[in-house]
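Pasting work_12.pdb here (PDB, N, CA and C atoms):
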ATOM      1  N   MET A   1      51.505 115.370  11.828
ATOM      2  CA  MET A   1      50.788 114.098  11.840
ATOM      3  C   MET A   1      49.403 114.358  12.417
ATOM      4  N   SER A   2      48.397 113.919  11.715
ATOM      5  CA  SER A   2      47.034 114.128  12.190
ATOM      6  C   SER A   2      46.716 113.141  13.311
ATOM      7  N   ALA A   3      45.625 113.401  13.985
ATOM      8  CA  ALA A   3      45.226 112.541  15.107
ATOM      9  C   ALA A   3      44.857 111.145  14.620
ATOM     10  N   VAL A   4      44.243 111.062  13.457
ATOM     11  CA  VAL A   4      43.853 109.756  12.918
ATOM     12  C   VAL A   4      45.094 108.931  12.588
ATOM     13  N   SER A   5      46.087 109.577  11.994
ATOM     14  CA  SER A   5      47.324 108.865  11.681
ATOM     15  C   SER A   5      48.037 108.409  12.948
ATOM     16  N   ALA A   6      47.967 109.217  13.995
ATOM     17  CA  ALA A   6      48.593 108.844  15.261
ATOM     18  C   ALA A   6      47.910 107.614  15.863
ATOM     19  N   VAL A   7      46.584 107.558  15.772
ATOM     20  CA  VAL A   7      45.849 106.399  16.304
ATOM     21  C   VAL A   7      46.210 105.142  15.510
ATOM     22  N   PHE A   8      46.243 105.262  14.168
ATOM     23  CA  PHE A   8      46.618 104.114  13.348
ATOM     24  C   PHE A   8      48.044 103.668  13.628
ATOM     25  N   THR A   9      48.928 104.612  13.892
ATOM     26  CA  THR A   9      50.314 104.267  14.217
ATOM     27  C   THR A   9      50.385 103.479  15.521
ATOM     28  N   LEU A  10      49.652 103.921  16.535
ATOM     29  CA  LEU A  10      49.647 103.209  17.821
ATOM     30  C   LEU A  10      49.041 101.811  17.687
ATOM     31  N   LEU A  11      47.942 101.704  16.943
ATOM     32  CA  LEU A  11      47.313 100.393  16.762
ATOM     33  C   LEU A  11      48.209  99.449  15.956
ATOM     34  N   ALA A  12      48.873  99.966  14.934
ATOM     35  CA  ALA A  12      49.784  99.130  14.144
ATOM     36  C   ALA A  12      50.965  98.677  14.996
ATOM     37  N   GLY A  13      51.453  99.552  15.869
ATOM     38  CA  GLY A  13      52.537  99.169  16.771
ATOM     39  C   GLY A  13      52.103  98.077  17.745
ATOM     40  N   ALA A  14      50.883  98.196  18.258
ATOM     41  CA  ALA A  14      50.358  97.168  19.171
ATOM     42  C   ALA A  14      50.184  95.837  18.437
ATOM     43  N   ALA A  15      49.733  95.890  17.177
ATOM     44  CA  ALA A  15      49.572  94.661  16.392
ATOM     45  C   ALA A  15      50.929  94.024  16.099
ATOM     46  N   MET A  16      51.945  94.851  15.849
ATOM     47  CA  MET A  16      53.281  94.309  15.616
ATOM     48  C   MET A  16      53.810  93.639  16.881
ATOM     49  N   PHE A  17      53.575  94.269  18.021
ATOM     50  CA  PHE A  17      53.991  93.676  19.288
ATOM     51  C   PHE A  17      53.279  92.340  19.518
ATOM     52  N   ALA A  18      51.960  92.302  19.225
ATOM     53  CA  ALA A  18      51.196  91.063  19.395
ATOM     54  C   ALA A  18      51.681  89.978  18.432
ATOM     55  N   ALA A  19      52.075  90.373  17.223
ATOM     56  CA  ALA A  19      52.592  89.391  16.255
ATOM     57  C   ALA A  19      53.894  88.774  16.766
ATOM     58  N   LEU A  20      54.750  89.603  17.340
ATOM     59  CA  LEU A  20      56.023  89.085  17.873
ATOM     60  C   LEU A  20      55.796  88.206  19.108
ATOM     61  N   VAL A  21      54.878  88.611  19.979
ATOM     62  CA  VAL A  21      54.563  87.792  21.156
ATOM     63  C   VAL A  21      53.947  86.474  20.713
ATOM     64  N   GLY A  22      53.115  86.519  19.674
ATOM     65  CA  GLY A  22      52.474  85.322  19.162
ATOM     66  C   GLY A  22      53.450  84.307  18.601
ATOM     67  N   LEU A  23      54.628  84.758  18.187
ATOM     68  CA  LEU A  23      55.648  83.820  17.718
ATOM     69  C   LEU A  23      56.216  82.982  18.860
ATOM     70  N   PHE A  24      56.244  83.548  20.062
ATOM     71  CA  PHE A  24      56.828  82.845  21.195
ATOM     72  C   PHE A  24      55.778  82.170  22.080
ATOM     73  N   LYS A  25      54.662  82.851  22.337
ATOM     74  CA  LYS A  25      53.623  82.323  23.218
ATOM     75  C   LYS A  25      52.256  82.671  22.623
ATOM     76  N   PRO A  26      51.794  81.888  21.639
ATOM     77  CA  PRO A  26      50.548  82.232  20.941
ATOM     78  C   PRO A  26      49.312  82.255  21.828
ATOM     79  N   ALA A  27      49.316  81.533  22.926
ATOM     80  CA  ALA A  27      48.142  81.507  23.803
ATOM     81  C   ALA A  27      47.910  82.861  24.473
ATOM     82  N   LEU A  28      48.934  83.701  24.566
ATOM     83  CA  LEU A  28      48.767  85.016  25.179
ATOM     84  C   LEU A  28      47.988  85.983  24.289
ATOM     85  N   VAL A  29      48.086  85.812  22.984
ATOM     86  CA  VAL A  29      47.443  86.767  22.085
ATOM     87  C   VAL A  29      46.229  86.207  21.359
ATOM     88  N   MET A  30      46.043  84.892  21.384
ATOM     89  CA  MET A  30      44.883  84.279  20.727
ATOM     90  C   MET A  30      44.080  83.512  21.765
ATOM     91  N   ARG A  31      42.884  84.011  22.055
ATOM     92  CA  ARG A  31      42.029  83.381  23.058
ATOM     93  C   ARG A  31      40.987  82.462  22.430
ATOM     94  N   TRP A  32      40.918  82.414  21.118
ATOM     95  CA  TRP A  32      39.911  81.607  20.437
ATOM     96  C   TRP A  32      40.582  80.506  19.633
ATOM     97  N   GLY A  33      39.899  79.401  19.482
ATOM     98  CA  GLY A  33      40.423  78.292  18.694
ATOM     99  C   GLY A  33      41.687  77.704  19.288
ATOM    100  N   LYS A  34      42.373  76.920  18.474
ATOM    101  CA  LYS A  34      43.645  76.341  18.891
ATOM    102  C   LYS A  34      44.772  77.275  18.432
ATOM    103  N   PRO A  35      45.412  77.963  19.370
ATOM    104  CA  PRO A  35      46.444  78.917  18.960
ATOM    105  C   PRO A  35      47.710  78.217  18.468
ATOM    106  N   THR A  36      48.155  78.629  17.315
ATOM    107  CA  THR A  36      49.439  78.167  16.797
ATOM    108  C   THR A  36      50.287  79.389  16.509
ATOM    109  N   ARG A  37      51.576  79.182  16.401
ATOM    110  CA  ARG A  37      52.467  80.311  16.126
ATOM    111  C   ARG A  37      52.157  80.960  14.781
ATOM    112  N   LEU A  38      51.912  80.123  13.784
ATOM    113  CA  LEU A  38      51.642  80.648  12.449
ATOM    114  C   LEU A  38      50.344  81.447  12.411
ATOM    115  N   LYS A  39      49.282  80.909  13.028
ATOM    116  CA  LYS A  39      48.000  81.617  13.063
ATOM    117  C   LYS A  39      48.131  82.961  13.763
ATOM    118  N   ALA A  40      48.771  82.956  14.916
ATOM    119  CA  ALA A  40      48.911  84.190  15.689
ATOM    120  C   ALA A  40      49.707  85.227  14.905
ATOM    121  N   PHE A  41      50.789  84.788  14.293
ATOM    122  CA  PHE A  41      51.606  85.728  13.540
ATOM    123  C   PHE A  41      50.850  86.279  12.337
ATOM    124  N   LEU A  42      50.179  85.406  11.584
ATOM    125  CA  LEU A  42      49.483  85.869  10.381
ATOM    126  C   LEU A  42      48.312  86.788  10.708
ATOM    127  N   VAL A  43      47.576  86.506  11.770
ATOM    128  CA  VAL A  43      46.450  87.357  12.143
ATOM    129  C   VAL A  43      46.939  88.754  12.514
ATOM    130  N   TYR A  44      47.917  88.839  13.378
ATOM    131  CA  TYR A  44      48.365  90.149  13.844
ATOM    132  C   TYR A  44      49.261  90.853  12.832
ATOM    133  N   PHE A  45      49.988  90.116  12.019
ATOM    134  CA  PHE A  45      50.768  90.753  10.969
ATOM    135  C   PHE A  45      49.835  91.320   9.899
ATOM    136  N   GLY A  46      48.777  90.581   9.571
ATOM    137  CA  GLY A  46      47.785  91.083   8.621
ATOM    138  C   GLY A  46      47.084  92.324   9.141
ATOM    139  N   LEU A  47      46.734  92.302  10.428
ATOM    140  CA  LEU A  47      46.121  93.473  11.045
ATOM    141  C   LEU A  47      47.069  94.671  10.994
ATOM    142  N   MET A  48      48.333  94.421  11.262
ATOM    143  CA  MET A  48      49.319  95.500  11.209
ATOM    144  C   MET A  48      49.442  96.058   9.794
ATOM    145  N   ALA A  49      49.406  95.195   8.787
ATOM    146  CA  ALA A  49      49.514  95.649   7.402
ATOM    147  C   ALA A  49      48.322  96.519   7.016
ATOM    148  N   VAL A  50      47.127  96.130   7.446
ATOM    149  CA  VAL A  50      45.934  96.919   7.132
ATOM    150  C   VAL A  50      45.974  98.262   7.862
ATOM    151  N   LEU A  51      46.377  98.250   9.111
ATOM    152  CA  LEU A  51      46.452  99.493   9.876
ATOM    153  C   LEU A  51      47.539 100.424   9.352
ATOM    154  N   SER A  52      48.582  99.866   8.777
ATOM    155  CA  SER A  52      49.655 100.691   8.241
ATOM    156  C   SER A  52      49.182 101.518   7.054
ATOM    157  N   MET A  53      48.178 101.037   6.341
ATOM    158  CA  MET A  53      47.636 101.826   5.232
ATOM    159  C   MET A  53      46.930 103.078   5.753
ATOM    160  N   GLY A  54      46.354 102.997   6.925
ATOM    161  CA  GLY A  54      45.693 104.158   7.509
ATOM    162  C   GLY A  54      46.667 105.214   7.980
ATOM    163  N   MET A  55      47.898 104.827   8.258
ATOM    164  CA  MET A  55      48.904 105.802   8.685
ATOM    165  C   MET A  55      49.267 106.744   7.556
ATOM    166  N   ASP A  56      49.116 106.289   6.323
ATOM    167  CA  ASP A  56      49.520 107.090   5.178
ATOM    168  C   ASP A  56      48.333 107.811   4.556
ATOM    169  N   ALA A  57      47.281 108.024   5.326
ATOM    170  CA  ALA A  57      46.095 108.709   4.806
ATOM    171  C   ALA A  57      46.453 110.150   4.476
ATOM    172  N   PRO A  58      45.982 110.640   3.348
ATOM    173  CA  PRO A  58      46.314 112.025   2.975
ATOM    174  C   PRO A  58      45.629 113.014   3.914
ATOM    175  N   PRO A  59      46.273 114.134   4.185
ATOM    176  CA  PRO A  59      45.664 115.131   5.060
ATOM    177  C   PRO A  59      44.498 115.837   4.364
ATOM    178  N   LYS A  60      43.692 116.557   5.141
ATOM    179  CA  LYS A  60      42.589 117.317   4.573
ATOM    180  C   LYS A  60      43.143 118.409   3.664
ATOM    181  N   PRO A  61      42.440 118.718   2.565
ATOM    182  CA  PRO A  61      42.917 119.795   1.704
ATOM    183  C   PRO A  61      42.815 121.140   2.419
ATOM    184  N   SER A  62      43.664 122.052   2.035
ATOM    185  CA  SER A  62      43.677 123.371   2.650
ATOM    186  C   SER A  62      42.404 124.127   2.292
ATOM    187  N   SER A  63      41.876 124.905   3.229
ATOM    188  CA  SER A  63      40.644 125.653   2.983
ATOM    189  C   SER A  63      40.928 127.037   2.424
ATOM    190  N   ILE A  64      42.190 127.381   2.196
ATOM    191  CA  ILE A  64      42.546 128.689   1.657
ATOM    192  C   ILE A  64      42.426 128.632   0.138
ATOM    193  N   PRO A  65      41.516 129.418  -0.450
ATOM    194  CA  PRO A  65      41.367 129.381  -1.909
ATOM    195  C   PRO A  65      42.533 130.090  -2.592
ATOM    196  N   ALA A  66      42.829 129.673  -3.796
ATOM    197  CA  ALA A  66      43.902 130.303  -4.561
ATOM    198  C   ALA A  66      43.431 131.669  -5.038
ATOM    199  N   SER A  67      44.274 132.678  -4.902
ATOM    200  CA  SER A  67      43.893 134.021  -5.329
ATOM    201  C   SER A  67      44.064 134.147  -6.839
ATOM    202  N   SER A  68      43.269 135.009  -7.429
ATOM    203  CA  SER A  68      43.318 135.170  -8.880
ATOM    204  C   SER A  68      44.545 135.957  -9.306
ATOM    205  N   SER A  69      45.199 136.687  -8.383
ATOM    206  CA  SER A  69      46.376 137.471  -8.755
ATOM    207  C   SER A  69      47.592 136.586  -9.005
ATOM    208  N   SER A  70      47.598 135.363  -8.462
ATOM    209  CA  SER A  70      48.745 134.485  -8.669
ATOM    210  C   SER A  70      48.677 133.761 -10.003
ATOM    211  N   VAL A  71      47.540 133.861 -10.689
ATOM    212  CA  VAL A  71      47.378 133.207 -11.981
ATOM    213  C   VAL A  71      47.701 134.218 -13.068
ATOM    214  N   ALA A  72      48.504 133.821 -14.029
ATOM    215  CA  ALA A  72      48.884 134.723 -15.105
ATOM    216  C   ALA A  72      47.663 135.055 -15.958
ATOM    217  N   SER A  73      47.561 136.322 -16.364
ATOM    218  CA  SER A  73      46.412 136.729 -17.154
ATOM    219  C   SER A  73      46.624 136.470 -18.641
ATOM    220  N   ALA A  74      47.853 136.296 -19.079
ATOM    221  CA  ALA A  74      48.132 136.039 -20.491
ATOM    222  C   ALA A  74      47.884 134.579 -20.801
ATOM    223  N   PRO A  75      47.403 134.287 -22.012
ATOM    224  CA  PRO A  75      47.204 132.880 -22.375
ATOM    225  C   PRO A  75      48.530 132.131 -22.444
ATOM    226  N   ALA A  76      48.478 130.826 -22.266
ATOM    227  CA  ALA A  76      49.693 130.017 -22.219
ATOM    228  C   ALA A  76      50.429 130.013 -23.551
ATOM    229  N   SER A  77      49.719 130.219 -24.667
ATOM    230  CA  SER A  77      50.376 130.159 -25.974
ATOM    231  C   SER A  77      51.047 131.470 -26.354
ATOM    232  N   ALA A  78      50.787 132.551 -25.631
ATOM    233  CA  ALA A  78      51.393 133.837 -25.962
ATOM    234  C   ALA A  78      52.831 133.862 -25.489
ATOM    235  N   ALA A  79      53.750 134.226 -26.382
ATOM    236  CA  ALA A  79      55.165 134.307 -26.052
ATOM    237  C   ALA A  79      55.581 135.768 -25.995
ATOM    238  N   PRO A  80      56.569 136.099 -25.168
ATOM    239  CA  PRO A  80      57.043 137.482 -25.114
ATOM    240  C   PRO A  80      57.600 137.921 -26.472
ATOM    241  N   ALA A  81      57.572 139.230 -26.704
ATOM    242  CA  ALA A  81      58.006 139.778 -27.995
ATOM    243  C   ALA A  81      59.472 139.481 -28.269
ATOM    244  N   SER A  82      60.313 139.454 -27.236
ATOM    245  CA  SER A  82      61.734 139.196 -27.456
ATOM    246  C   SER A  82      61.968 137.776 -27.973
ATOM    247  N   VAL A  83      61.149 136.839 -27.525
ATOM    248  CA  VAL A  83      61.277 135.464 -27.990
ATOM    249  C   VAL A  83      60.786 135.339 -29.419
ATOM    250  N   VAL A  84      59.693 136.025 -29.740
ATOM    251  CA  VAL A  84      59.133 135.973 -31.083
ATOM    252  C   VAL A  84      60.096 136.596 -32.074
ATOM    253  N   ALA A  85      60.774 137.706 -31.713
ATOM    254  CA  ALA A  85      61.701 138.375 -32.617
ATOM    255  C   ALA A  85      62.916 137.524 -32.891
ATOM    256  N   ALA A  86      63.314 136.669 -31.961
ATOM    257  CA  ALA A  86      64.505 135.838 -32.142
ATOM    258  C   ALA A  86      64.252 134.633 -33.012
ATOM    259  N   LEU A  87      62.992 134.297 -33.270
ATOM    260  CA  LEU A  87      62.666 133.132 -34.090
ATOM    261  C   LEU A  87      62.872 133.446 -35.578
ATOM    262  N   PRO A  88      63.329 132.483 -36.353
ATOM    263  CA  PRO A  88      63.473 132.735 -37.789
ATOM    264  C   PRO A  88      62.088 132.859 -38.437
ATOM    265  N   SER A  89      62.039 133.579 -39.536
ATOM    266  CA  SER A  89      60.758 133.755 -40.226
ATOM    267  C   SER A  89      60.364 132.445 -40.909
ATOM    268  N   PRO A  90      59.076 132.160 -40.966
ATOM    269  CA  PRO A  90      58.647 130.903 -41.584
ATOM    270  C   PRO A  90      58.904 130.893 -43.091
ATOM    271  N   VAL A  91      59.239 129.755 -43.610
ATOM    272  CA  VAL A  91      59.503 129.573 -45.025
ATOM    273  C   VAL A  91      58.202 129.200 -45.716
ATOM    274  N   PRO A  92      57.816 129.945 -46.811
ATOM    275  CA  PRO A  92      56.536 129.615 -47.488
ATOM    276  C   PRO A  92      56.604 128.354 -48.312
TER     277      PRO A  92
END

As a first step, turn the structure in this file into structure tokens.
Amino acid sequence: MSAVSAVFTLLAGAAMFAALVGLFKPALVMRWGKPTRLKAFLVYFGLMAVLSMGMDAPPKPSSIPASSSSVASAPASAAPASVVAALPSPVP
């Protein structure tokens, strides 16, 4: 797990905790406006949903280049002689 994913995981967990607290005591998590249970839950649940997308961020690509020896030198359409010999001859 990368450091960025770990931070997003912690923030999403805190938002989930705030969403649950907001269901019982919305004034603890919402200091602005008139706090309601629905507002508190939707704000922090939405924040948690957005932060959860950051947890699944793809890792950096590997910096190790692929070696040319692992790539076959024969073209993809070339078949081994044993396979070609087993095929029936084409009909004119």

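Atom C of Ala18 of chain A sits 8.6 Å away from atom CA of Val43 of chain A.
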
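The two atoms in question, atom C of Met53 of chain A and atom C of Gly33 of chain A, are spaced 29.2 Å apart.
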
Find the spatial neighbours of Gly13 of chain A, counting only C-alpha atoms, within a cut-off of 12 Å - ignore same-chain residues fewer than 3 positions away - and output them as a PyMOL selection string.
chain A and resi 6-10+16-20+44-45+47-52+55

Skip segment 25-28 of chain A itself and residues of its chain fewer than 4 positions away, then list as an MDAnalysis selection string all residues within 6 Å of it, counting all atoms listed in the file.
chainID A and resid 21 35:37 40

Å distance separating atom N of Ala12 of chain A from atom N of Lys34 of chain A, one decimal place:
24.2 Å

Hey, can I get the axis-aligned box for segment 29-42 of chain A? All listed atoms, 4 Å padding on each side, centre and edge lengths in Å to one decimal, as AutoDock Vina command-line options.
--center_x 46.2 --center_y 81.6 --center_z 16.7 --size_x 20.6 --size_y 18.4 --size_z 20.7
